[in-house]
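This is data.pdb (PDB, C-alpha atoms).
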```pdb
ATOM      1  CA  MET A   1      69.467 152.398 -13.868  1.00  0.00           C
ATOM      2  CA  SER A   2      67.413 149.195 -13.765  1.00  0.00           C
ATOM      3  CA  THR A   3      68.638 148.328 -17.266  1.00  0.00           C
ATOM      4  CA  ALA A   4      72.265 148.600 -16.112  1.00  0.00           C
ATOM      5  CA  ILE A   5      71.592 146.338 -13.115  1.00  0.00           C
ATOM      6  CA  LEU A   6      69.828 143.796 -15.306  1.00  0.00           C
ATOM      7  CA  CYS A   7      72.729 143.828 -17.788  1.00  0.00           C
ATOM      8  CA  ALA A   8      75.253 143.362 -14.956  1.00  0.00           C
ATOM      9  CA  ILE A   9      73.310 140.354 -13.621  1.00  0.00           C
ATOM     10  CA  LEU A  10      73.174 138.794 -17.092  1.00  0.00           C
ATOM     11  CA  ILE A  11      76.917 139.322 -17.559  1.00  0.00           C
ATOM     12  CA  VAL A  12      77.673 137.654 -14.200  1.00  0.00           C
ATOM     13  CA  ILE A  13      75.457 134.669 -15.098  1.00  0.00           C
ATOM     14  CA  ALA A  14      77.164 134.370 -18.495  1.00  0.00           C
ATOM     15  CA  ILE A  15      80.639 134.453 -16.899  1.00  0.00           C
ATOM     16  CA  ILE A  16      79.696 131.746 -14.383  1.00  0.00           C
ATOM     17  CA  GLY A  17      78.282 129.601 -17.183  1.00  0.00           C
ATOM     18  CA  ILE A  18      81.395 129.990 -19.332  1.00  0.00           C
ATOM     19  CA  LYS A  19      83.697 129.145 -16.407  1.00  0.00           C
ATOM     20  CA  SER A  20      81.632 126.048 -15.577  1.00  0.00           C
ATOM     21  CA  TYR A  21      81.694 124.891 -19.194  1.00  0.00           C
ATOM     22  CA  ALA A  22      85.447 125.489 -19.482  1.00  0.00           C
ATOM     23  CA  LYS A  23      86.050 123.471 -16.312  1.00  0.00           C
ATOM     24  CA  LYS A  24      83.978 120.602 -17.688  1.00  0.00           C
ATOM     25  CA  LEU A  25      85.951 120.656 -20.946  1.00  0.00           C
ATOM     26  CA  THR A  26      89.308 120.480 -19.152  1.00  0.00           C
ATOM     27  CA  SER A  27      88.403 117.939 -16.484  1.00  0.00           C
ATOM     28  CA  GLY A  28      85.813 115.757 -18.198  1.00  0.00           C
ATOM     29  CA  CYS A  29      82.306 115.011 -17.042  1.00  0.00           C
ATOM     30  CA  CYS A  30      83.392 113.141 -13.930  1.00  0.00           C
ATOM     31  CA  GLY A  31      86.489 115.127 -13.080  1.00  0.00           C
ATOM     32  CA  VAL A  32      88.804 112.744 -14.931  1.00  0.00           C
ATOM     33  CA  SER A  33      91.898 114.924 -14.692  1.00  0.00           C
ATOM     34  CA  SER A  34      91.285 116.220 -11.177  1.00  0.00           C
ATOM     35  CA  GLN A  35      90.428 112.865  -9.575  1.00  0.00           C
ATOM     36  CA  PRO A  36      91.926 109.415  -9.923  1.00  0.00           C
ATOM     37  CA  SER A  37      90.038 106.893 -12.036  1.00  0.00           C
ATOM     38  CA  VAL A  38      87.192 105.086 -10.327  1.00  0.00           C
ATOM     39  CA  LYS A  39      88.374 101.804  -8.843  1.00  0.00           C
ATOM     40  CA  LYS A  40      86.212  98.962 -10.113  1.00  0.00           C
ATOM     41  CA  ILE A  41      84.525  96.541  -7.764  1.00  0.00           C
ATOM     42  CA  LYS A  42      85.950  93.140  -8.711  1.00  0.00           C
ATOM     43  CA  VAL A  43      83.591  90.213  -9.160  1.00  0.00           C
ATOM     44  CA  ARG A  44      85.180  87.021  -7.880  1.00  0.00           C
ATOM     45  CA  ASP A  45      82.950  84.504  -9.629  1.00  0.00           C
ATOM     46  CA  LYS A  46      83.123  85.018 -13.406  1.00  0.00           C
ATOM     47  CA  ASP A  47      81.734  81.621 -14.394  1.00  0.00           C
ATOM     48  CA  THR A  48      78.730  82.506 -16.532  1.00  0.00           C
ATOM     49  CA  SER A  49      77.057  79.170 -15.748  1.00  0.00           C
ATOM     50  CA  HIS A  50      76.580  80.379 -12.145  1.00  0.00           C
ATOM     51  CA  TYR A  51      74.405  83.278 -13.344  1.00  0.00           C
ATOM     52  CA  PRO A  52      71.109  81.854 -14.658  1.00  0.00           C
ATOM     53  CA  TYR A  53      69.368  85.254 -14.907  1.00  0.00           C
ATOM     54  CA  SER A  54      70.455  88.164 -17.086  1.00  0.00           C
ATOM     55  CA  ARG A  55      69.112  91.476 -18.300  1.00  0.00           C
ATOM     56  CA  ILE A  56      70.323  94.286 -20.502  1.00  0.00           C
ATOM     57  CA  LEU A  57      69.843  97.746 -19.047  1.00  0.00           C
ATOM     58  CA  ARG A  58      69.895 100.760 -21.354  1.00  0.00           C
ATOM     59  CA  VAL A  59      71.426 103.574 -19.319  1.00  0.00           C
ATOM     60  CA  ASP A  60      71.241 107.290 -20.029  1.00  0.00           C
ATOM     61  CA  GLY A  61      73.824 109.828 -18.879  1.00  0.00           C
ATOM     62  CA  MET A  62      77.070 107.881 -19.295  1.00  0.00           C
ATOM     63  CA  SER A  63      79.627 109.843 -21.292  1.00  0.00           C
ATOM     64  CA  CYS A  64      83.053 108.573 -20.192  1.00  0.00           C
ATOM     65  CA  GLY A  65      84.863 105.592 -18.727  1.00  0.00           C
ATOM     66  CA  ASN A  66      84.371 106.854 -15.189  1.00  0.00           C
ATOM     67  CA  CYS A  67      80.610 107.027 -15.774  1.00  0.00           C
ATOM     68  CA  ALA A  68      80.648 103.423 -16.970  1.00  0.00           C
ATOM     69  CA  SER A  69      82.667 102.392 -13.907  1.00  0.00           C
ATOM     70  CA  HIS A  70      80.196 104.130 -11.584  1.00  0.00           C
ATOM     71  CA  VAL A  71      77.275 102.220 -13.134  1.00  0.00           C
ATOM     72  CA  GLU A  72      79.170  98.917 -13.142  1.00  0.00           C
ATOM     73  CA  ASN A  73      80.189  99.356  -9.491  1.00  0.00           C
ATOM     74  CA  ALA A  74      76.626 100.216  -8.447  1.00  0.00           C
ATOM     75  CA  LEU A  75      75.312  97.019 -10.007  1.00  0.00           C
ATOM     76  CA  ASN A  76      78.235  94.819  -8.891  1.00  0.00           C
ATOM     77  CA  SER A  77      77.663  95.918  -5.303  1.00  0.00           C
ATOM     78  CA  LEU A  78      74.347  94.030  -5.329  1.00  0.00           C
ATOM     79  CA  GLU A  79      74.519  90.480  -3.940  1.00  0.00           C
ATOM     80  CA  GLY A  80      75.148  87.845  -6.621  1.00  0.00           C
ATOM     81  CA  VAL A  81      75.425  90.304  -9.521  1.00  0.00           C
ATOM     82  CA  TRP A  82      78.070  90.544 -12.229  1.00  0.00           C
ATOM     83  CA  ALA A  83      77.584  93.571 -14.486  1.00  0.00           C
ATOM     84  CA  GLN A  84      79.558  94.671 -17.511  1.00  0.00           C
ATOM     85  CA  VAL A  85      78.980  98.067 -19.106  1.00  0.00           C
ATOM     86  CA  ASP A  86      79.435  98.860 -22.786  1.00  0.00           C
ATOM     87  CA  LEU A  87      79.862 102.639 -22.930  1.00  0.00           C
ATOM     88  CA  GLU A  88      79.538 102.853 -26.729  1.00  0.00           C
ATOM     89  CA  LYS A  89      76.173 101.092 -26.697  1.00  0.00           C
ATOM     90  CA  GLY A  90      75.074 102.823 -23.482  1.00  0.00           C
ATOM     91  CA  GLU A  91      74.045  99.570 -21.893  1.00  0.00           C
ATOM     92  CA  ALA A  92      74.922  97.177 -19.113  1.00  0.00           C
ATOM     93  CA  LEU A  93      74.719  93.397 -19.229  1.00  0.00           C
ATOM     94  CA  VAL A  94      73.655  92.288 -15.761  1.00  0.00           C
ATOM     95  CA  ARG A  95      74.108  88.645 -14.811  1.00  0.00           C
ATOM     96  CA  MET A  96      72.445  87.473 -11.598  1.00  0.00           C
ATOM     97  CA  LYS A  97      72.742  84.370  -9.424  1.00  0.00           C
ATOM     98  CA  GLN A  98      69.306  85.065  -7.974  1.00  0.00           C
ATOM     99  CA  GLU A  99      66.545  87.118  -9.529  1.00  0.00           C
ATOM    100  CA  HIS A 100      66.668  90.847  -8.751  1.00  0.00           C
ATOM    101  CA  GLY A 101      63.658  92.965  -9.608  1.00  0.00           C
ATOM    102  CA  ASN A 102      63.825  95.614 -12.308  1.00  0.00           C
ATOM    103  CA  SER A 103      63.060  98.289  -9.733  1.00  0.00           C
ATOM    104  CA  GLU A 104      66.039  97.198  -7.599  1.00  0.00           C
ATOM    105  CA  LEU A 105      68.380  97.363 -10.603  1.00  0.00           C
ATOM    106  CA  LYS A 106      66.991 100.753 -11.641  1.00  0.00           C
ATOM    107  CA  GLN A 107      67.402 102.094  -8.109  1.00  0.00           C
ATOM    108  CA  ALA A 108      71.056 100.983  -7.915  1.00  0.00           C
ATOM    109  CA  VAL A 109      71.811 102.816 -11.169  1.00  0.00           C
ATOM    110  CA  LYS A 110      69.787 105.838 -10.046  1.00  0.00           C
ATOM    111  CA  ASP A 111      71.740 105.989  -6.770  1.00  0.00           C
ATOM    112  CA  ALA A 112      74.919 106.171  -8.876  1.00  0.00           C
ATOM    113  CA  GLY A 113      73.491 109.216 -10.677  1.00  0.00           C
ATOM    114  CA  TYR A 114      72.241 107.684 -13.941  1.00  0.00           C
ATOM    115  CA  VAL A 115      68.903 106.648 -15.423  1.00  0.00           C
ATOM    116  CA  VAL A 116      67.783 103.280 -16.767  1.00  0.00           C
ATOM    117  CA  TYR A 117      65.309 103.919 -19.573  1.00  0.00           C
ATOM    118  CA  HIS A 118      64.802 100.357 -20.837  1.00  0.00           C
ATOM    119  CA  ILE A 119      65.293  96.821 -19.497  1.00  0.00           C
ATOM    120  CA  GLU A 120      65.117  93.649 -21.536  1.00  0.00           C
ATOM    121  CA  GLU A 121      65.675  89.978 -20.831  1.00  0.00           C
ATOM    122  CA  SER A 122      68.947  88.622 -22.137  1.00  0.00           C
ATOM    123  CA  SER A 123      70.293  85.194 -22.925  1.00  0.00           C
ATOM    124  CA  GLU A 124      73.697  86.607 -23.865  1.00  0.00           C
ATOM    125  CA  PHE A 125      76.676  84.866 -22.263  1.00  0.00           C
ATOM    126  CA  SER A 126      79.627  86.814 -23.636  1.00  0.00           C
ATOM    127  CA  TYR A 127      79.573  90.567 -23.766  1.00  0.00           C
ATOM    128  CA  ARG A 128      83.060  91.971 -24.156  1.00  0.00           C
TER     129      ARG A 128
END
```
Rewrite the structure from the file as structure tokens, please.
Amino acid sequence: MSTAILCAILIVIAIIGIKSYAKKLTSGCCGVSSQPSVKKIKVRDKDTSHYPYSRILRVDGMSCGNCASHVENALNSLEGVWAQVDLEKGEALVRMKQEHGNSELKQAVKDAGYVVYHIEESSEFSYR
């Protein structure tokens, strides 16, 4: 009797897992087909000479364009920041008018649901 109950529980768990995986395959990691694309936060000032500080953040967990938009929006919502995400490289170029601490940048990305695993100084002025 206990073996039958245990088998039934395992079957239910397997069915739930298969349904969840199938849903992810059809809708993408961020619900691409079930939700509209993420609207990007527009940066008004795109003159790179106004951004004397820059860093490259290596971000883990991005797997689609919506993920990249979430990270970019989280960083662009900070005062005086212009971020551009390269999904293929898994990194974000963050330009800043005033210095923001690494912990503040990491926290913004973390609040969006992703993880920064490396930060380096950058002198790069064109990214895309």
Exercise. Any chance you could work out the residue set of the PyMOL selection byres ((chain A and resi 68) around 12) here, as a ChimeraX atom specification?
Worked result: /A:29-30,37-40,58-67,69-75,83-93,109,112-114
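Atom CA of A:Met96 is positioned 5.0 Å from atom CA of A:Tyr53.
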Exercise. Taking all atoms listed in the file into account, which of A:Ile18, A:Met1, A:Cys7, A:Ile119 comes nearest A:Gly101?
Worked result: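 Under the stated criterion, the closest residue is A:Ile119.
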Name the residues in contact with A:Ser54 at a cut-off of 9 Å, using all atoms listed in the file, excluding same-chain residues fewer than 2 positions from it; report them as a JSON list (two decimals) with C-alpha atoms, in the coordinates of the input.
```json
[["chain", "number", "residue", "atom", "x", "y", "z"],
["A", 51, "TYR", "CA", 74.40, 83.28, -13.34],
["A", 52, "PRO", "CA", 71.11, 81.85, -14.66],
["A", 56, "ILE", "CA", 70.32, 94.29, -20.50],
["A", 93, "LEU", "CA", 74.72, 93.40, -19.23],
["A", 94, "VAL", "CA", 73.66, 92.29, -15.76],
["A", 95, "ARG", "CA", 74.11, 88.64, -14.81],
["A", 96, "MET", "CA", 72.44, 87.47, -11.60],
["A", 97, "LYS", "CA", 72.74, 84.37, -9.42],
["A", 99, "GLU", "CA", 66.54, 87.12, -9.53],
["A", 120, "GLU", "CA", 65.12, 93.65, -21.54],
["A", 121, "GLU", "CA", 65.68, 89.98, -20.83],
["A", 122, "SER", "CA", 68.95, 88.62, -22.14],
["A", 123, "SER", "CA", 70.29, 85.19, -22.92],
["A", 124, "GLU", "CA", 73.70, 86.61, -23.86],
["A", 125, "PHE", "CA", 76.68, 84.87, -22.26]]
```
Quick one: axis-aligned box around all listed atoms of stretch 93-106 of chain A, 6 Å on every side, centre and edge lengths in Å to one decimal, written as AutoDock Vina command-line options.
```
--center_x 68.9 --center_y 92.6 --center_z -13.4 --size_x 23.7 --size_y 28.4 --size_z 23.6
```
Exercise. Counting all atoms listed in the file, which of A:Ser103, A:Lys110, A:Ile11, A:Gly80 gets nearest to A:His50?
Worked result: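 Checking each candidate against A:His50, we get A:Gly80 as the closest.
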Seminar exercise, completed: From atom CA of A:Gln107 to atom CA of A:Asp47 the spacing works out at 25.8 Å
Exercise. Could you work out how far atom CA of A:Glu79 lies from atom CA of A:Ser49, giving the answer in Å with one decimal?
Worked result: 16.5 Å
For this session: Give as JSON, numbers by chain every residue, naming chains and numbers as the document does, that has an atom within 10 Å of (84.0, 87.8, -8.6), counting only C-alpha atoms.
Result: {"A": [41, 42, 43, 44, 45, 46, 47, 76, 80, 81, 82]}
Write a file of the just-selected residues containing C-alpha atoms, as a short mmCIF file (atom, residue, chain, number, x, y, z; two decimals), in the coordinates of the input.
```cif
data_model
loop_
_atom_site.label_atom_id
_atom_site.label_comp_id
_atom_site.auth_asym_id
_atom_site.auth_seq_id
_atom_site.Cartn_x
_atom_site.Cartn_y
_atom_site.Cartn_z
CA ILE A 41 84.52 96.54 -7.76
CA LYS A 42 85.95 93.14 -8.71
CA VAL A 43 83.59 90.21 -9.16
CA ARG A 44 85.18 87.02 -7.88
CA ASP A 45 82.95 84.50 -9.63
CA LYS A 46 83.12 85.02 -13.41
CA ASP A 47 81.73 81.62 -14.39
CA ASN A 76 78.24 94.82 -8.89
CA GLY A 80 75.15 87.84 -6.62
CA VAL A 81 75.42 90.30 -9.52
CA TRP A 82 78.07 90.54 -12.23
#
```
